[in-house]
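Q: File name upload_32.tsv; file contents TSV, C-alpha atoms; full text below.
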```
chain	number	residue	atom	x	y	z
A	1	ARG	CA	73.04	13.99	260.86
A	2	GLN	CA	74.49	10.58	260.02
A	3	LEU	CA	73.21	9.16	263.30
A	4	PHE	CA	69.96	11.05	263.77
A	5	GLY	CA	68.97	12.34	260.34
A	6	ASP	CA	66.90	15.51	260.43
A	7	SER	CA	65.48	14.79	263.90
A	8	VAL	CA	68.18	17.01	265.46
A	9	ASP	CA	68.60	20.69	264.67
A	10	TYR	CA	72.35	20.65	263.98
A	11	ASP	CA	72.72	24.44	263.87
A	12	LEU	CA	70.91	24.85	267.20
A	13	ALA	CA	73.00	22.08	268.81
A	14	ARG	CA	76.22	23.69	267.54
A	15	ALA	CA	75.12	27.13	268.77
A	16	MET	CA	74.34	25.67	272.22
A	17	ARG	CA	77.74	23.97	272.32
A	18	THR	CA	79.47	27.23	271.37
A	19	LYS	CA	77.57	29.10	274.10
A	20	TYR	CA	78.57	26.50	276.72
A	21	ILE	CA	82.22	26.80	275.66
A	22	ASP	CA	82.12	30.60	275.67
A	23	ASP	CA	80.48	30.67	279.11
A	24	TYR	CA	83.06	28.23	280.51
A	25	ILE	CA	85.95	30.25	279.10
A	26	GLU	CA	84.48	33.49	280.41
A	27	ASP	CA	84.27	31.97	283.92
A	28	HIS	CA	87.46	29.87	283.96
A	29	GLY	CA	89.74	31.17	281.21
A	30	VAL	CA	91.04	29.24	278.22
A	31	PRO	CA	92.29	25.79	279.17
A	32	VAL	CA	95.86	25.30	277.96
A	33	LYS	CA	97.94	22.16	277.70
A	34	ASP	CA	100.49	21.48	280.39
A	35	GLY	CA	103.84	22.94	279.36
A	36	LEU	CA	102.50	25.34	276.70
A	37	LEU	CA	104.24	28.47	277.98
A	38	GLU	CA	107.50	26.62	278.56
A	39	LEU	CA	107.41	25.27	274.99
A	40	LEU	CA	106.56	28.65	273.45
A	41	ASN	CA	109.32	30.38	275.41
A	42	TYR	CA	111.79	27.64	274.47
A	43	LEU	CA	110.95	27.96	270.77
A	44	ARG	CA	111.15	31.75	270.93
A	45	GLU	CA	114.52	31.66	272.73
A	46	ASN	CA	115.83	29.30	270.04
A	47	LYS	CA	114.51	31.60	267.28
A	48	ILE	CA	112.17	28.93	265.89
A	49	LYS	CA	109.42	30.37	263.69
A	50	MET	CA	105.94	29.45	264.89
A	51	ALA	CA	102.53	29.31	263.25
A	52	VAL	CA	99.06	28.44	264.44
A	53	ALA	CA	97.31	25.99	262.09
A	54	THR	CA	93.84	25.50	263.53
A	55	SER	CA	90.54	24.36	262.09
A	56	THR	CA	88.81	26.92	264.29
A	57	HIS	CA	87.59	30.05	262.51
A	58	GLN	CA	89.69	33.19	262.84
A	59	GLN	CA	87.37	35.25	265.04
A	60	THR	CA	87.03	32.50	267.65
A	61	ALA	CA	90.65	31.30	267.51
A	62	GLU	CA	92.08	34.80	267.91
A	63	LYS	CA	89.79	35.47	270.86
A	64	TYR	CA	90.99	32.28	272.58
A	65	LEU	CA	94.68	32.82	271.75
A	66	LYS	CA	94.56	36.37	273.11
A	67	LYS	CA	92.61	35.37	276.20
A	68	ALA	CA	95.22	32.64	276.88
A	69	GLN	CA	97.93	35.31	276.41
A	70	VAL	CA	99.78	33.35	273.73
A	71	TYR	CA	98.73	35.15	270.52
A	72	GLU	CA	101.89	37.27	270.36
A	73	TYR	CA	104.20	34.24	270.38
A	74	PHE	CA	103.29	33.26	266.82
A	75	ASP	CA	104.71	34.59	263.57
A	76	GLN	CA	101.84	33.43	261.36
A	77	TYR	CA	98.28	32.16	261.63
A	78	VAL	CA	96.15	29.89	259.45
A	79	TYR	CA	92.52	29.45	260.47
A	80	GLY	CA	89.83	27.08	259.30
A	81	ASP	CA	88.02	29.80	257.37
A	82	MET	CA	91.19	30.63	255.41
A	83	ILE	CA	91.48	27.25	253.69
A	84	SER	CA	89.27	25.26	251.33
A	85	LYS	CA	89.88	21.76	252.78
A	86	GLY	CA	89.95	20.93	256.47
A	87	LYS	CA	91.98	18.32	258.30
A	88	PRO	CA	92.71	15.47	257.52
A	89	ASP	CA	93.67	17.21	254.27
A	90	PRO	CA	97.24	18.60	254.51
A	91	GLU	CA	96.33	22.04	253.10
A	92	ILE	CA	96.40	23.89	256.43
A	93	PHE	CA	99.98	22.74	257.15
A	94	GLN	CA	101.12	23.51	253.62
A	95	VAL	CA	99.72	27.04	253.87
A	96	ALA	CA	101.26	27.55	257.34
A	97	ALA	CA	104.69	26.37	256.14
A	98	GLY	CA	104.45	28.67	253.13
A	99	LYS	CA	103.61	31.63	255.36
A	100	LEU	CA	106.75	30.84	257.37
A	101	SER	CA	108.81	30.52	254.16
A	102	LEU	CA	109.62	26.90	255.05
A	103	SER	CA	109.03	23.56	253.43
A	104	THR	CA	106.65	21.31	255.34
A	105	ARG	CA	109.56	18.90	255.88
A	106	GLU	CA	111.21	21.62	258.00
A	107	CYS	CA	108.13	21.90	260.22
A	108	ILE	CA	107.00	20.18	263.38
A	109	ALA	CA	103.28	19.82	264.03
A	110	PHE	CA	102.16	19.46	267.64
A	111	GLU	CA	98.84	17.66	267.25
A	112	ASP	CA	96.19	16.27	269.56
A	113	SER	CA	93.71	14.65	267.17
A	114	PRO	CA	93.67	11.81	264.64
A	115	HIS	CA	92.58	14.18	261.82
A	116	GLY	CA	95.37	16.62	262.70
A	117	ILE	CA	97.99	13.89	262.81
A	118	THR	CA	96.81	12.51	259.48
A	119	ALA	CA	96.93	16.00	257.91
A	120	ALA	CA	100.38	16.82	259.30
A	121	LYS	CA	101.82	13.49	258.18
A	122	ALA	CA	100.30	13.90	254.70
A	123	ALA	CA	102.01	17.32	254.57
A	124	GLU	CA	105.30	15.57	255.48
A	125	CYS	CA	105.75	17.45	258.76
A	126	LYS	CA	107.41	15.88	261.78
A	127	VAL	CA	104.48	15.02	264.05
A	128	ILE	CA	104.53	15.18	267.83
A	129	ALA	CA	101.30	13.88	269.32
A	130	VAL	CA	100.10	15.42	272.57
A	131	PRO	CA	96.70	13.79	273.09
A	132	ASP	CA	93.68	15.56	274.49
A	133	LEU	CA	90.17	14.09	274.62
A	134	THR	CA	90.38	11.79	271.60
A	135	PRO	CA	92.71	8.81	272.06
A	136	ILE	CA	95.57	8.36	269.58
A	137	GLU	CA	95.66	4.68	268.72
A	138	GLY	CA	96.45	2.07	266.10
A	139	GLU	CA	97.41	3.24	262.61
A	140	ILE	CA	97.24	6.91	263.67
A	141	LEU	CA	99.67	6.28	266.53
A	142	ALA	CA	102.02	4.59	264.05
A	143	MET	CA	102.19	7.88	262.06
A	144	VAL	CA	103.67	10.00	264.86
A	145	ASP	CA	107.34	10.74	265.35
A	146	ALA	CA	106.88	11.19	269.09
A	147	TYR	CA	104.02	10.63	271.53
A	148	CYS	CA	104.10	12.85	274.62
A	149	LYS	CA	101.82	13.22	277.61
A	150	ASN	CA	102.31	17.00	277.67
A	151	LEU	CA	104.08	19.83	275.87
A	152	ARG	CA	106.89	19.98	278.42
A	153	VAL	CA	107.89	16.46	277.41
A	154	ALA	CA	107.29	17.28	273.72
A	155	MET	CA	109.84	20.09	273.96
A	156	LYS	CA	112.59	17.47	274.24
A	157	HIS	CA	111.76	16.21	270.72
A	158	VAL	CA	112.10	19.53	268.88
A	159	PHE	CA	115.72	19.02	267.88
A	160	ASP	CA	115.61	15.20	267.48
```
Spit out the file's structure as structure tokens when you get a sec.
A:
Amino acid sequence: RQLFGDSVDYDLARAMRTKYIDDYIEDHGVPVKDGLLELLNYLRENKIKMAVATSTHQQTAEKYLKKAQVYEYFDQYVYGDMISKGKPDPEIFQVAAGKLSLSTRECIAFEDSPHGITAAKAAECKVIAVPDLTPIEGEILAMVDAYCKNLRVAMKHVFD
């Protein structure tokens, strides 16, 4: 809307995007980051509590987590429709830490976006950046405790 004003039907565009994503996932499965299962197994073996803290709404996120066969790894879940302020606000990480009975300073956030990194850092979590489509650069890059090309590499920074 900032770029095009009312000349674009935002709701229609978002619905089309969602349909494209759903169709892709139906045909190809949920794309997962390299090293995800190794990291989840490593954390589970080391009895590390885990929470999902995603901006995605519960219905969609649970569908994707279950389809990727990783839902059962997590102890707690915080979805975008469960909080009042989205990333870059730290609320989602504060709620997730609370659900795990931890302080945010005891938590590690694995993040792939500038807004997520900003939110996690504002919550005082340790931040491990594992970039996806949006580059992590400049002042955002300076916020991270570790920058890793994949989750397999990120695993090495859990007990740093």
Q: Could you produce a table of the residues of range 36-97 of chain A lying within 12 Å of range 1-23 of chain A, with the nearest pair of atoms per residue and their separation in Å rounded to one decimal, using all atoms listed in the file, ordered by chain and increasing residue number, as CSV?
A:
```
residue,atom,partner,partner_atom,distance
A:Thr56,CA,A:Thr18,CA,11.7
A:Thr60,CA,A:Asp22,CA,9.6
A:Ala61,CA,A:Asp22,CA,11.8
A:Lys63,CA,A:Asp22,CA,10.3
A:Tyr64,CA,A:Asp22,CA,9.5
A:Lys67,CA,A:Asp22,CA,11.5
```
Q: So how far away is CA of Lys49 in chain A from CA of Glu72 in chain A, in Å?
A: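 Rounded to one decimal, the two atoms are 12.2 Å apart.
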Q: Here is a test: counting all atoms listed in the file, which residue of A:Ala120, A:Arg152, A:Lys66, A:Ser113 is nearest to Leu133 in chain A?
A: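 Among the listed residues, A:Ser113 lies closest to Leu133 in chain A.
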Q: Residues within 12 Å of (105.8, 21.3, 255.1), file coordinates, counting all atoms listed in the file: what are they? Give the list as a ChimeraX atom specification.
A: /A:51,53,90-109,119-127
Q: Report as a list in words all protein, DNA and RNA residues lying within 12 Å of Arg44 in chain A, evaluated on all atoms listed in the file, omitting residues in the same chain fewer than 4 positions from it.
A: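 After dropping sequence-adjacent residues, the list is Leu37, Glu38, Leu39, Leu40, Ile48, Lys49, Met50, Ala51, Val70, Glu72, Tyr73, Phe74 and Asp75 of chain A.
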Q: Have a look at CA of Ala146 in chain A and CA of Pro31 in chain A and let me know their distance in Å, one decimal.
A: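 Atom-to-atom, CA of Ala146 in chain A to CA of Pro31 in chain A, that is 23.0 Å.
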Q: Using only C-alpha atoms and a cutoff of 12 Å, can you tell me which residues are near (101.8, 8.4, 269.5) in the file's coordinates, and write them out as a PyMOL selection string?
A: chain A and resi 110-114+117-118+127-132+135-150+154
Q: Which one is closest to Lys85 in chain A: A:Ser55, A:Ile25, A:Leu43, A:Glu62? Count all atoms listed in the file.
A: A:Ser55
Q: Around range 127-146 of chain A, with edges along x, y and z and 4 Å added on all six sides, what centre and edge lengths do you get, in Å to one decimal, as lines of an AutoDock Vina configuration file?
A:
```
center_x = 98.8
center_y = 8.8
center_z = 268.3
size_x = 25.2
size_y = 21.5
size_z = 20.6
```
Q: For a quick check of understanding, using all atoms listed in the file, which of A:Asp89, A:Asp27, A:Glu45, A:Asp81 has the smallest distance to Gln58 in chain A?
A: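 Of A:Asp89, A:Asp27, A:Glu45, A:Asp81, the one nearest Gln58 in chain A is A:Asp81, counting all atoms listed in the file.
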Q: I'd like the interatomic distance between CA of Lys156 in chain A and CA of Asp34 in chain A, to a tenth of an Å.
A: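 Separation between CA of Lys156 in chain A and CA of Asp34 in chain A: 14.2 Å.
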Q: Could you check which of A:Val158, A:Val153, A:Ala68, A:Ile83 is closest to Gly35 in chain A, using only C-alpha atoms?
A: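 Nearest candidate to Gly35 in chain A out of A:Val158, A:Val153, A:Ala68, A:Ile83: A:Val153.
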Q: Go through A:Tyr71, A:Met82, A:Tyr42, A:Met155 one by one, measure the shortest atom-to-atom distance of each to His57 in chain A using all atoms listed in the file, and give the residue with the smallest value.
A: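 Of the candidates, the smallest distance to His57 in chain A is held by A:Met82.
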